[in-house]
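Raw final.cif, mmCIF, C-alpha atoms:
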data_upload
loop_
_atom_site.group_PDB
_atom_site.id
_atom_site.type_symbol
_atom_site.label_atom_id
_atom_site.label_comp_id
_atom_site.auth_asym_id
_atom_site.auth_seq_id
_atom_site.Cartn_x
_atom_site.Cartn_y
_atom_site.Cartn_z
ATOM 1 C CA MET V 13 12.170 -58.720 -141.981
ATOM 2 C CA ASP V 14 9.357 -60.476 -140.142
ATOM 3 C CA ASN V 15 9.385 -61.227 -136.434
ATOM 4 C CA LEU V 16 10.721 -64.767 -136.759
ATOM 5 C CA GLY V 17 13.662 -63.775 -138.932
ATOM 6 C CA LEU V 18 14.456 -60.851 -136.630
ATOM 7 C CA ILE V 19 14.466 -63.063 -133.546
ATOM 8 C CA GLY V 20 16.590 -65.681 -135.287
ATOM 9 C CA ALA V 21 19.167 -63.182 -136.525
ATOM 10 C CA ILE V 22 19.454 -61.358 -133.215
ATOM 11 C CA SER V 23 19.694 -64.647 -131.281
ATOM 12 C CA ILE V 24 22.510 -65.975 -133.440
ATOM 13 C CA VAL V 25 24.493 -62.737 -133.338
ATOM 14 C CA THR V 26 23.980 -62.418 -129.596
ATOM 15 C CA ALA V 27 24.993 -66.032 -128.969
ATOM 16 C CA GLY V 28 28.233 -65.473 -130.861
ATOM 17 C CA LEU V 29 28.932 -62.226 -129.036
ATOM 18 C CA THR V 30 28.111 -63.814 -125.682
ATOM 19 C CA ILE V 31 30.630 -66.606 -125.998
ATOM 20 C CA ALA V 32 33.228 -64.399 -127.721
ATOM 21 C CA ILE V 33 33.246 -61.579 -125.199
ATOM 22 C CA GLY V 34 32.458 -63.797 -122.250
ATOM 23 C CA SER V 35 35.459 -66.046 -122.767
ATOM 24 C CA ILE V 36 38.026 -63.224 -122.809
ATOM 25 C CA ALA V 37 38.032 -62.405 -119.119
ATOM 26 C CA PRO V 38 38.075 -66.011 -117.810
ATOM 27 C CA ALA V 39 40.905 -66.812 -120.251
ATOM 28 C CA LEU V 40 43.008 -63.948 -118.921
ATOM 29 C CA GLY V 41 42.146 -64.838 -115.340
ATOM 30 C CA GLU V 42 42.926 -68.540 -115.736
ATOM 31 C CA ALA V 43 46.214 -67.764 -117.459
ATOM 32 C CA ARG V 44 47.204 -65.498 -114.587
ATOM 33 C CA ALA V 45 46.203 -68.073 -111.973
ATOM 34 C CA ALA V 46 48.052 -70.883 -113.735
ATOM 35 C CA ALA V 47 51.190 -68.794 -114.239
ATOM 36 C CA GLN V 48 51.197 -67.758 -110.594
ATOM 37 C CA ALA V 49 50.665 -71.349 -109.441
ATOM 38 C CA LEU V 50 53.515 -72.597 -111.649
ATOM 39 C CA ALA V 51 55.824 -69.932 -110.246
ATOM 40 C CA SER V 52 54.837 -70.941 -106.719
ATOM 41 C CA ILE V 53 55.427 -74.636 -107.441
ATOM 42 C CA ALA V 54 58.843 -73.768 -108.871
ATOM 43 C CA GLN V 55 59.664 -71.909 -105.679
ATOM 44 C CA GLN V 56 58.264 -74.489 -103.266
ATOM 45 C CA PRO V 57 58.062 -77.939 -104.887
ATOM 46 C CA ASP V 58 57.175 -79.499 -101.520
ATOM 47 C CA GLU V 59 53.867 -77.687 -101.449
ATOM 48 C CA ALA V 60 52.911 -78.899 -104.945
ATOM 49 C CA ASN V 61 49.994 -80.986 -103.634
ATOM 50 C CA THR V 62 48.244 -78.150 -101.857
ATOM 51 C CA LEU V 63 49.004 -75.724 -104.670
ATOM 52 C CA THR V 64 47.615 -78.055 -107.322
ATOM 53 C CA ARG V 65 44.411 -78.661 -105.391
ATOM 54 C CA THR V 66 43.867 -74.963 -104.775
ATOM 55 C CA LEU V 67 44.688 -74.239 -108.412
ATOM 56 C CA PHE V 68 42.077 -76.727 -109.630
ATOM 57 C CA VAL V 69 39.391 -75.364 -107.352
ATOM 58 C CA SER V 70 40.097 -71.745 -108.236
ATOM 59 C CA LEU V 71 40.306 -72.546 -111.945
ATOM 60 C CA ALA V 72 36.854 -74.109 -111.681
ATOM 61 C CA MET V 73 35.530 -71.002 -109.967
ATOM 62 C CA ILE V 74 37.043 -68.711 -112.618
ATOM 63 C CA GLU V 75 35.903 -70.943 -115.422
ATOM 64 C CA SER V 76 32.291 -70.895 -114.278
ATOM 65 C CA THR V 77 31.882 -67.381 -115.735
ATOM 66 C CA ALA V 78 32.736 -68.736 -119.156
ATOM 67 C CA ILE V 79 30.434 -71.698 -118.548
ATOM 68 C CA TYR V 80 27.529 -69.364 -117.770
ATOM 69 C CA CYS V 81 28.156 -67.586 -121.065
ATOM 70 C CA PHE V 82 28.239 -70.925 -122.845
ATOM 71 C CA VAL V 83 24.954 -72.023 -121.278
ATOM 72 C CA VAL V 84 23.314 -68.741 -122.281
ATOM 73 C CA ALA V 85 24.628 -69.112 -125.838
ATOM 74 C CA MET V 86 23.343 -72.703 -126.040
ATOM 75 C CA ILE V 87 19.918 -71.627 -124.766
ATOM 76 C CA LEU V 88 19.807 -68.830 -127.346
ATOM 77 C CA ILE V 89 20.618 -71.215 -130.174
ATOM 78 C CA PHE V 90 18.904 -74.498 -129.277
ATOM 79 C CA ALA V 91 16.165 -73.670 -126.779
ATOM 80 C CA ASN V 92 15.242 -70.082 -127.497
ATOM 81 C CA PRO V 93 12.038 -69.273 -125.558
ATOM 82 C CA PHE V 94 11.142 -66.252 -127.736
ATOM 83 C CA TRP V 95 11.512 -68.258 -130.917
ATOM 84 C CA ASN V 96 9.265 -71.007 -129.553
ATOM 85 C CA ARG V 97 6.679 -68.469 -128.424
ATOM 86 C CA VAL V 98 6.542 -66.770 -131.830
ATOM 87 C CA LEU V 99 6.310 -70.179 -133.527
ATOM 88 C CA ALA V 100 3.457 -71.161 -131.228
ATOM 89 C CA ALA V 101 1.661 -67.844 -131.857
ATOM 90 C CA ALA V 102 2.070 -68.258 -135.608
ATOM 91 C CA GLY V 103 0.809 -71.835 -135.474
ATOM 92 C CA SER V 104 -2.366 -71.125 -133.533
ATOM 93 C CA MET T 8 19.116 -80.828 -130.960
ATOM 94 C CA ARG T 9 18.394 -81.798 -127.387
ATOM 95 C CA ILE T 10 20.403 -79.879 -124.800
ATOM 96 C CA SER T 11 19.002 -81.914 -121.914
ATOM 97 C CA PRO T 12 18.319 -85.657 -121.562
ATOM 98 C CA ASP T 13 15.085 -84.641 -119.789
ATOM 99 C CA GLN T 14 13.476 -84.177 -123.178
ATOM 100 C CA LEU T 15 14.151 -87.752 -124.283
ATOM 101 C CA VAL T 16 11.138 -89.710 -123.033
ATOM 102 C CA LEU T 17 11.804 -93.430 -123.166
ATOM 103 C CA TRP T 18 8.542 -94.741 -121.779
ATOM 104 C CA ALA T 19 5.265 -93.031 -121.016
ATOM 105 C CA TRP T 20 2.124 -94.346 -119.385
ATOM 106 C CA GLY T 21 -0.507 -91.687 -118.916
ATOM 107 C CA PRO T 22 1.005 -88.863 -116.874
ATOM 108 C CA VAL T 23 3.930 -91.049 -115.770
ATOM 109 C CA GLN T 24 6.983 -90.461 -117.926
ATOM 110 C CA LEU T 25 10.352 -92.126 -117.738
ATOM 111 C CA ASN T 26 12.920 -89.871 -119.349
ATOM 112 C CA ALA T 27 16.551 -90.639 -120.043
ATOM 113 C CA THR T 28 17.718 -88.752 -116.946
ATOM 114 C CA ILE T 29 15.779 -90.952 -114.541
ATOM 115 C CA VAL T 30 16.747 -94.189 -116.270
ATOM 116 C CA CYS T 31 20.433 -93.249 -116.377
ATOM 117 C CA THR T 32 20.428 -92.070 -112.755
ATOM 118 C CA TRP T 33 18.998 -95.403 -111.650
ATOM 119 C CA THR T 34 21.517 -97.219 -113.824
ATOM 120 C CA VAL T 35 24.375 -95.388 -112.126
ATOM 121 C CA MET T 36 22.887 -96.105 -108.703
ATOM 122 C CA LEU T 37 22.485 -99.763 -109.603
ATOM 123 C CA VAL T 38 26.062 -100.011 -110.848
ATOM 124 C CA LEU T 39 27.421 -98.328 -107.721
ATOM 125 C CA VAL T 40 25.336 -100.363 -105.268
ATOM 126 C CA LEU T 41 25.848 -103.716 -106.982
ATOM 127 C CA GLY T 42 29.545 -103.045 -107.530
ATOM 128 C CA SER T 43 30.229 -102.114 -103.934
ATOM 129 C CA HIS T 44 28.072 -104.983 -102.670
ATOM 130 C CA LEU T 45 29.964 -107.514 -104.761
ATOM 131 C CA ALA T 46 33.303 -106.002 -103.806
ATOM 132 C CA THR T 47 32.621 -105.882 -100.073
ATOM 133 C CA ARG T 48 31.059 -109.349 -99.889
ATOM 134 C CA ARG T 49 34.353 -111.019 -99.043
ATOM 135 C CA LEU T 50 36.444 -108.458 -97.205
ATOM 136 C CA SER T 51 39.647 -109.768 -95.743
ATOM 137 C CA THR T 52 42.386 -108.398 -93.540
ATOM 138 C CA ALA T 53 44.931 -110.883 -94.848
ATOM 139 C CA THR T 54 47.902 -109.725 -96.853
ATOM 140 C CA ARG T 55 46.377 -111.011 -100.099
ATOM 141 C CA LEU T 56 43.414 -108.880 -101.128
ATOM 142 C CA THR T 57 40.980 -109.314 -103.956
ATOM 143 C CA ARG T 58 41.631 -106.650 -106.576
ATOM 144 C CA TRP T 59 38.199 -105.104 -106.077
ATOM 145 C CA GLN T 60 38.789 -104.678 -102.371
ATOM 146 C CA ASN T 61 42.115 -103.086 -103.221
ATOM 147 C CA LEU T 62 40.412 -100.634 -105.578
ATOM 148 C CA LEU T 63 37.786 -99.687 -103.008
ATOM 149 C CA GLU T 64 40.398 -99.249 -100.291
ATOM 150 C CA VAL T 65 42.418 -96.921 -102.522
ATOM 151 C CA LEU T 66 39.270 -94.909 -103.321
ATOM 152 C CA VAL T 67 38.058 -94.608 -99.748
ATOM 153 C CA SER T 68 41.418 -93.814 -98.229
ATOM 154 C CA GLY T 69 42.092 -91.285 -100.989
ATOM 155 C CA MET T 70 38.791 -89.544 -100.310
ATOM 156 C CA ARG T 71 39.454 -89.552 -96.561
ATOM 157 C CA GLU T 72 42.880 -88.018 -97.142
ATOM 158 C CA GLN T 73 41.498 -85.275 -99.400
ATOM 159 C CA ILE T 74 38.700 -84.454 -96.955
ATOM 160 C CA ARG T 75 41.182 -84.278 -94.102
ATOM 161 C CA GLU T 76 43.432 -81.904 -96.044
ATOM 162 C CA VAL T 77 40.604 -79.627 -97.167
ATOM 163 C CA SER T 78 38.694 -79.429 -93.899
ATOM 164 C CA GLN T 79 41.545 -79.889 -91.386
ATOM 165 C CA GLN T 80 39.129 -82.059 -89.397
ATOM 166 C CA ASP T 81 38.437 -85.737 -88.877
ATOM 167 C CA PRO T 82 36.988 -86.987 -92.191
ATOM 168 C CA GLY T 83 34.707 -89.634 -90.668
ATOM 169 C CA LYS T 84 31.604 -87.461 -90.432
ATOM 170 C CA TYR T 85 31.912 -86.010 -93.913
ATOM 171 C CA LEU T 86 32.950 -89.086 -95.865
ATOM 172 C CA PRO T 87 29.418 -90.498 -96.418
ATOM 173 C CA PHE T 88 28.031 -87.291 -97.907
ATOM 174 C CA VAL T 89 31.006 -85.882 -99.803
ATOM 175 C CA GLY T 90 32.204 -89.305 -100.916
ATOM 176 C CA THR T 91 28.773 -90.193 -102.281
ATOM 177 C CA LEU T 92 28.613 -86.940 -104.230
ATOM 178 C CA PHE T 93 32.041 -87.625 -105.716
ATOM 179 C CA LEU T 94 31.354 -91.262 -106.573
ATOM 180 C CA PHE T 95 27.974 -90.551 -108.139
ATOM 181 C CA ILE T 96 29.185 -87.659 -110.303
ATOM 182 C CA ALA T 97 32.390 -89.428 -111.278
ATOM 183 C CA ALA T 98 30.565 -92.638 -112.184
ATOM 184 C CA SER T 99 27.948 -90.865 -114.270
ATOM 185 C CA ASN T 100 30.544 -88.728 -116.065
ATOM 186 C CA VAL T 101 32.777 -91.697 -116.849
ATOM 187 C CA LEU T 102 29.894 -93.914 -117.973
ATOM 188 C CA ALA T 103 29.036 -91.216 -120.537
ATOM 189 C CA VAL T 104 31.403 -92.920 -123.008
ATOM 190 C CA VAL T 105 29.141 -95.988 -123.045
ATOM 191 C CA PRO T 106 27.008 -95.798 -126.201
ATOM 192 C CA GLY T 107 23.360 -95.074 -125.503
ATOM 193 C CA PHE T 108 24.039 -93.747 -122.040
ATOM 194 C CA THR T 109 23.680 -90.035 -121.431
ATOM 195 C CA ALA T 110 25.251 -88.722 -118.261
ATOM 196 C CA PRO T 111 22.470 -87.715 -115.865
ATOM 197 C CA THR T 112 24.668 -84.793 -114.825
ATOM 198 C CA ALA T 113 24.102 -83.317 -118.300
ATOM 199 C CA SER T 114 20.606 -82.407 -117.115
ATOM 200 C CA LEU T 115 20.046 -79.286 -115.058
ATOM 201 C CA SER T 116 17.535 -81.093 -112.823
ATOM 202 C CA THR T 117 20.094 -83.629 -111.572
ATOM 203 C CA THR T 118 22.743 -81.023 -110.840
ATOM 204 C CA THR T 119 20.192 -78.774 -109.150
ATOM 205 C CA ALA T 120 19.165 -81.664 -106.931
ATOM 206 C CA LEU T 121 22.799 -82.314 -105.996
ATOM 207 C CA ALA T 122 23.405 -78.619 -105.275
ATOM 208 C CA LEU T 123 20.238 -78.487 -103.135
ATOM 209 C CA CYS T 124 21.616 -81.429 -101.137
ATOM 210 C CA VAL T 125 24.710 -79.321 -100.440
ATOM 211 C CA LEU T 126 22.557 -76.316 -99.557
ATOM 212 C CA VAL T 127 20.717 -78.415 -96.952
ATOM 213 C CA ALA T 128 23.805 -80.249 -95.699
ATOM 214 C CA VAL T 129 25.800 -77.099 -94.893
ATOM 215 C CA PRO T 130 23.485 -75.796 -92.127
ATOM 216 C CA LEU T 131 22.880 -79.355 -90.876
ATOM 217 C CA TYR T 132 26.582 -80.010 -90.326
ATOM 218 C CA GLY T 133 27.040 -76.471 -88.994
ATOM 219 C CA ILE T 134 24.245 -76.777 -86.438
ATOM 220 C CA VAL T 135 25.365 -80.239 -85.311
ATOM 221 C CA GLU T 136 28.903 -78.962 -84.871
ATOM 222 C CA ARG T 137 28.419 -75.529 -83.305
ATOM 223 C CA GLY T 138 24.806 -75.413 -82.120
ATOM 224 C CA LEU T 139 22.043 -73.292 -83.596
ATOM 225 C CA GLY T 140 23.250 -69.986 -82.176
ATOM 226 C CA GLY T 141 26.852 -70.603 -83.097
ATOM 227 C CA TYR T 142 25.888 -71.438 -86.655
ATOM 228 C CA LEU T 143 23.592 -68.447 -87.114
ATOM 229 C CA ALA T 144 26.308 -66.164 -85.724
ATOM 230 C CA VAL T 145 28.324 -66.861 -88.891
ATOM 231 C CA TYR T 146 25.812 -64.864 -90.908
ATOM 232 C CA VAL T 147 26.395 -61.647 -88.954
ATOM 233 C CA LYS T 148 30.120 -62.234 -88.791
ATOM 234 C CA PRO T 149 31.830 -58.927 -89.661
ATOM 235 C CA THR T 150 28.792 -56.729 -88.928
ATOM 236 C CA VAL T 151 25.056 -57.185 -88.947
ATOM 237 C CA PHE T 152 24.880 -55.284 -92.228
ATOM 238 C CA MET T 153 26.468 -58.227 -93.989
ATOM 239 C CA LEU T 154 23.446 -60.463 -93.266
ATOM 240 C CA PRO T 155 21.682 -60.059 -96.649
ATOM 241 C CA PHE T 156 24.936 -60.490 -98.528
ATOM 242 C CA ASN T 157 25.784 -63.654 -96.634
ATOM 243 C CA ILE T 158 22.352 -65.129 -97.390
ATOM 244 C CA LEU T 159 22.633 -64.100 -101.049
ATOM 245 C CA GLY T 160 26.084 -65.648 -101.195
ATOM 246 C CA GLU T 161 24.715 -68.919 -99.842
ATOM 247 C CA LEU T 162 22.050 -69.037 -102.554
ATOM 248 C CA SER T 163 24.238 -67.879 -105.429
ATOM 249 C CA ARG T 164 26.950 -70.398 -104.718
ATOM 250 C CA THR T 165 24.313 -73.147 -104.837
ATOM 251 C CA LEU T 166 23.232 -71.858 -108.244
ATOM 252 C CA ALA T 167 26.873 -71.699 -109.314
ATOM 253 C CA LEU T 168 27.482 -75.307 -108.218
ATOM 254 C CA ALA T 169 24.509 -76.536 -110.226
ATOM 255 C CA VAL T 170 25.167 -74.532 -113.387
ATOM 256 C CA ARG T 171 28.908 -75.239 -113.352
ATOM 257 C CA LEU T 172 28.498 -79.008 -113.342
ATOM 258 C CA TYR T 173 25.620 -78.884 -115.819
ATOM 259 C CA GLY T 174 27.455 -76.532 -118.183
ATOM 260 C CA ASN T 175 30.646 -78.550 -118.196
ATOM 261 C CA VAL T 176 29.031 -81.930 -118.826
ATOM 262 C CA MET T 177 26.418 -80.568 -121.241
ATOM 263 C CA SER T 178 29.057 -78.699 -123.246
ATOM 264 C CA GLY T 179 30.947 -81.952 -123.709
ATOM 265 C CA THR T 180 27.965 -83.802 -125.152
ATOM 266 C CA VAL T 181 26.719 -80.877 -127.263
ATOM 267 C CA ILE T 182 30.129 -80.122 -128.758
ATOM 268 C CA ALA T 183 30.629 -83.821 -129.513
ATOM 269 C CA GLY T 184 27.257 -83.793 -131.269
ATOM 270 C CA ILE T 185 28.090 -80.690 -133.309
ATOM 271 C CA LEU T 186 31.510 -82.040 -134.273
ATOM 272 C CA LEU T 187 30.009 -85.391 -135.300
ATOM 273 C CA SER T 188 28.150 -83.567 -138.060
ATOM 274 C CA LEU T 189 31.215 -81.555 -139.151
ATOM 275 C CA VAL T 190 34.297 -83.807 -138.846
ATOM 276 C CA PRO T 191 32.898 -87.264 -138.199
ATOM 277 C CA PHE T 192 35.727 -89.639 -137.444
ATOM 278 C CA PHE T 193 38.810 -88.690 -135.494
ATOM 279 C CA PHE T 194 38.162 -85.428 -133.709
ATOM 280 C CA PRO T 195 35.093 -86.420 -131.633
ATOM 281 C CA VAL T 196 37.090 -89.318 -130.140
ATOM 282 C CA VAL T 197 39.731 -86.912 -128.878
ATOM 283 C CA LEU T 198 37.025 -84.700 -127.427
ATOM 284 C CA GLN T 199 35.448 -87.702 -125.689
ATOM 285 C CA LEU T 200 38.807 -88.388 -124.049
ATOM 286 C CA LEU T 201 38.983 -84.757 -122.964
ATOM 287 C CA GLY T 202 35.418 -85.147 -121.700
ATOM 288 C CA LEU T 203 36.508 -88.049 -119.475
ATOM 289 C CA LEU T 204 39.201 -85.849 -117.958
ATOM 290 C CA THR T 205 36.933 -82.845 -117.386
ATOM 291 C CA GLY T 206 34.226 -85.150 -116.022
ATOM 292 C CA LEU T 207 36.524 -86.490 -113.332
ATOM 293 C CA ILE T 208 37.887 -83.023 -112.548
ATOM 294 C CA GLN T 209 34.356 -81.648 -112.238
ATOM 295 C CA ALA T 210 33.387 -84.474 -109.890
ATOM 296 C CA TYR T 211 36.461 -83.705 -107.783
ATOM 297 C CA ILE T 212 35.711 -79.982 -107.805
ATOM 298 C CA PHE T 213 32.073 -80.478 -106.856
ATOM 299 C CA ALA T 214 33.070 -82.645 -103.892
ATOM 300 C CA VAL T 215 35.871 -80.307 -102.796
ATOM 301 C CA LEU T 216 33.641 -77.239 -103.022
ATOM 302 C CA ALA T 217 30.918 -78.993 -101.021
ATOM 303 C CA MET T 218 33.556 -79.874 -98.438
ATOM 304 C CA VAL T 219 34.879 -76.293 -98.365
ATOM 305 C CA TYR T 220 31.364 -74.930 -97.795
ATOM 306 C CA ILE T 221 30.694 -77.441 -95.017
ATOM 307 C CA ALA T 222 34.081 -76.782 -93.449
ATOM 308 C CA SER T 223 33.500 -73.028 -93.421
ATOM 309 C CA ALA T 224 30.222 -73.593 -91.564
ATOM 310 C CA THR T 225 31.646 -76.038 -89.019
ATOM 311 C CA ARG T 226 35.022 -74.493 -88.259
ATOM 312 C CA THR T 227 34.830 -73.654 -84.584
ATOM 313 C CA HIS T 228 38.077 -71.891 -83.877
ATOM 314 C CA GLY T 229 39.229 -68.544 -85.258
ATOM 315 C CA GLY T 230 41.045 -67.504 -88.376
ATOM 316 C CA HIS T 231 38.451 -67.936 -91.083
#

So that I can check it, write out the structure of this file as structure tokens.
Amino acid sequence: MDNLGLIGAISIVTAGLTIAIGSIAPALGEARAAAQALASIAQQPDEANTLTRTLFVSLAMIESTAIYCFVVAMILIFANPFWNRVLAAAGS
Amino acid sequence: MRISPDQLVLWAWGPVQLNATIVCTWTVMLVLVLGSHLATRRLSTATRLTRWQNLLEVLVSGMREQIREVSQQDPGKYLPFVGTLFLFIAASNVLAVVPGFTAPTASLSTTTALALCVLVAVPLYGIVERGLGGYLAVYVKPTVFMLPFNILGELSRTLALAVRLYGNVMSGTVIAGILLSLVPFFFPVVLQLLGLLTGLIQAYIFAVLAMVYIASATRTHGGH
């Protein structure tokens, strides 16, 4: 396999692995946070406002790990710097 | 496929380029400024309000209430900065459903600029509130050995703010684009609706996080 094909294949496989593995931990974490928040709201319905706000903020913090993985996967697929460099080297 | 509206150049004249990000940012600014100017032209304290004044009052008092709850301080000082962040991000995310308009927050440069504003605003508010020495003392809070970690934390949370907003908005547009080529008719509409929801939530989260960072720098009395 030439360089271009190698880079393409590795990028695609890595992008898939990145988003697949990288979404496991945030999913578990968000599920735990949401379950805990629901239990707390069931116990103290009066505090639902504060709990919901804190839940949203912490969900966003947890989710950002998955978002980083997504951004890396998108860069690997659509804006791969190595691919562009090899294309430019081949063209010149 | 473009993953950033920066790459879409609408108008170029020599080295000067107008890309979609700049045009859309100015459109959002124009909409916000003109809208609030028109709505606040005839303010009244009578019992009958115009509906636009009613909308603005709900927005402003809601933001004040949220800021007060998050920071446990008087919201007056923080409302201009945090409220502007929220309104700008919310407006650009919601306007993304307009055909031909790409949300400027789907570009990493816009979100980086917003996050840099927060990075600058945190020490400004902190120094105004507690004085230079009082603010710098936060960095050596548990022990002096924590200084590099505190500085790193300050920088990494700025990066996180920028990439979080960018990733969320960009993922919405990119996934809509991918789905348009796979299942053209119904499914992208549902995802656009979901995108409206996540756009508003992200705007809220960006503003609340900015407020939390500012509040942690300005809080004068113990506990945190």

Write out as an mmCIF file with C-alpha atoms, in the frame of the given file every residue belonging to chain V that has an atom at most 7 Å from any atom of chain T, counting only C-alpha atoms.
data_model
loop_
_atom_site.group_PDB
_atom_site.id
_atom_site.type_symbol
_atom_site.label_atom_id
_atom_site.label_comp_id
_atom_site.auth_asym_id
_atom_site.auth_seq_id
_atom_site.Cartn_x
_atom_site.Cartn_y
_atom_site.Cartn_z
ATOM 1 C CA VAL V 69 39.391 -75.364 -107.352
ATOM 2 C CA SER V 76 32.291 -70.895 -114.278
ATOM 3 C CA ILE V 79 30.434 -71.698 -118.548
ATOM 4 C CA VAL V 83 24.954 -72.023 -121.278
ATOM 5 C CA PHE V 90 18.904 -74.498 -129.277
#

**OP:** Could you list the residues chosen by the PyMOL selection byres ((chain V and resi 88) around 12) in this structure as a list in words?
**Re:** Ile19, Gly20, Ala21, Ile22, Ser23, Ile24, Val25, Thr26, Ala27, Gly28, Leu29, Thr30, Ile31, Cys81, Phe82, Val83, Val84, Ala85, Met86, Ile87, Ile89, Phe90, Ala91, Asn92, Pro93, Phe94, Trp95 and Asn96 of chain V; Ile10 of chain T

Keeping only C-alpha atoms, write the selected residues to a file as an mmCIF file, in the frame of the given file.
data_model
loop_
_atom_site.group_PDB
_atom_site.id
_atom_site.type_symbol
_atom_site.label_atom_id
_atom_site.label_comp_id
_atom_site.auth_asym_id
_atom_site.auth_seq_id
_atom_site.Cartn_x
_atom_site.Cartn_y
_atom_site.Cartn_z
ATOM 1 C CA ILE V 19 14.466 -63.063 -133.546
ATOM 2 C CA GLY V 20 16.590 -65.681 -135.287
ATOM 3 C CA ALA V 21 19.167 -63.182 -136.525
ATOM 4 C CA ILE V 22 19.454 -61.358 -133.215
ATOM 5 C CA SER V 23 19.694 -64.647 -131.281
ATOM 6 C CA ILE V 24 22.510 -65.975 -133.440
ATOM 7 C CA VAL V 25 24.493 -62.737 -133.338
ATOM 8 C CA THR V 26 23.980 -62.418 -129.596
ATOM 9 C CA ALA V 27 24.993 -66.032 -128.969
ATOM 10 C CA GLY V 28 28.233 -65.473 -130.861
ATOM 11 C CA LEU V 29 28.932 -62.226 -129.036
ATOM 12 C CA THR V 30 28.111 -63.814 -125.682
ATOM 13 C CA ILE V 31 30.630 -66.606 -125.998
ATOM 14 C CA CYS V 81 28.156 -67.586 -121.065
ATOM 15 C CA PHE V 82 28.239 -70.925 -122.845
ATOM 16 C CA VAL V 83 24.954 -72.023 -121.278
ATOM 17 C CA VAL V 84 23.314 -68.741 -122.281
ATOM 18 C CA ALA V 85 24.628 -69.112 -125.838
ATOM 19 C CA MET V 86 23.343 -72.703 -126.040
ATOM 20 C CA ILE V 87 19.918 -71.627 -124.766
ATOM 21 C CA ILE V 89 20.618 -71.215 -130.174
ATOM 22 C CA PHE V 90 18.904 -74.498 -129.277
ATOM 23 C CA ALA V 91 16.165 -73.670 -126.779
ATOM 24 C CA ASN V 92 15.242 -70.082 -127.497
ATOM 25 C CA PRO V 93 12.038 -69.273 -125.558
ATOM 26 C CA PHE V 94 11.142 -66.252 -127.736
ATOM 27 C CA TRP V 95 11.512 -68.258 -130.917
ATOM 28 C CA ASN V 96 9.265 -71.007 -129.553
ATOM 29 C CA ILE T 10 20.403 -79.879 -124.800
#

**OP:** Scan for residues within 10 Å of the point (22.1, -74.9, -96.9) in the coordinates of the file, using all atoms listed in the file, and reply as JSON, numbers by chain.
**Re:** {"T": [122, 123, 124, 125, 126, 127, 128, 129, 130, 131, 132, 133, 158, 161, 162, 165, 220, 221, 224]}

**OP:** Apply the PyMOL selection byres ((chain T and resi 19-32) around 9) to the displayed file and report the matching residues as a PyMOL selection string.
**Re:** chain T and resi 11-18+33-37+95+99+108-114+116-117

Original post:
Leaving out region 66-70 of chain T and any residue of its chain fewer than 5 positions from it, which residues lie within 9 Å of it when counting all atoms listed in the file, given as a count of residues only?
Top reply: 7

Original post:
Between CA of Ile74 (chain V) and CA of Gly34 (chain V), what is the spacing in Å?
Top reply: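 So the two atoms, CA of Gly34 (chain V) and CA of Ile74 (chain V), lie 11.7 Å apart.
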
Original post:
If you measure from CA of Ser78 (chain T) to CA of Glu64 (chain T), what distance in Å do you get, rounded to one decimal?
Top reply: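 One can read the CA of Ser78 (chain T) to CA of Glu64 (chain T) distance as 20.9 Å.
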
Original post:
For Ile182 (chain T), which residue among T:Gly202, T:Gln60, T:Ser163, T:Leu121 is the nearest when counting all atoms listed in the file?
Top reply: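 Result for the nearest residue to Ile182 (chain T): T:Gly202.
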
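If you look at CA of Thr62 (chain V) and CA of Glu72 (chain T), they are 12.2 Å away from each other.
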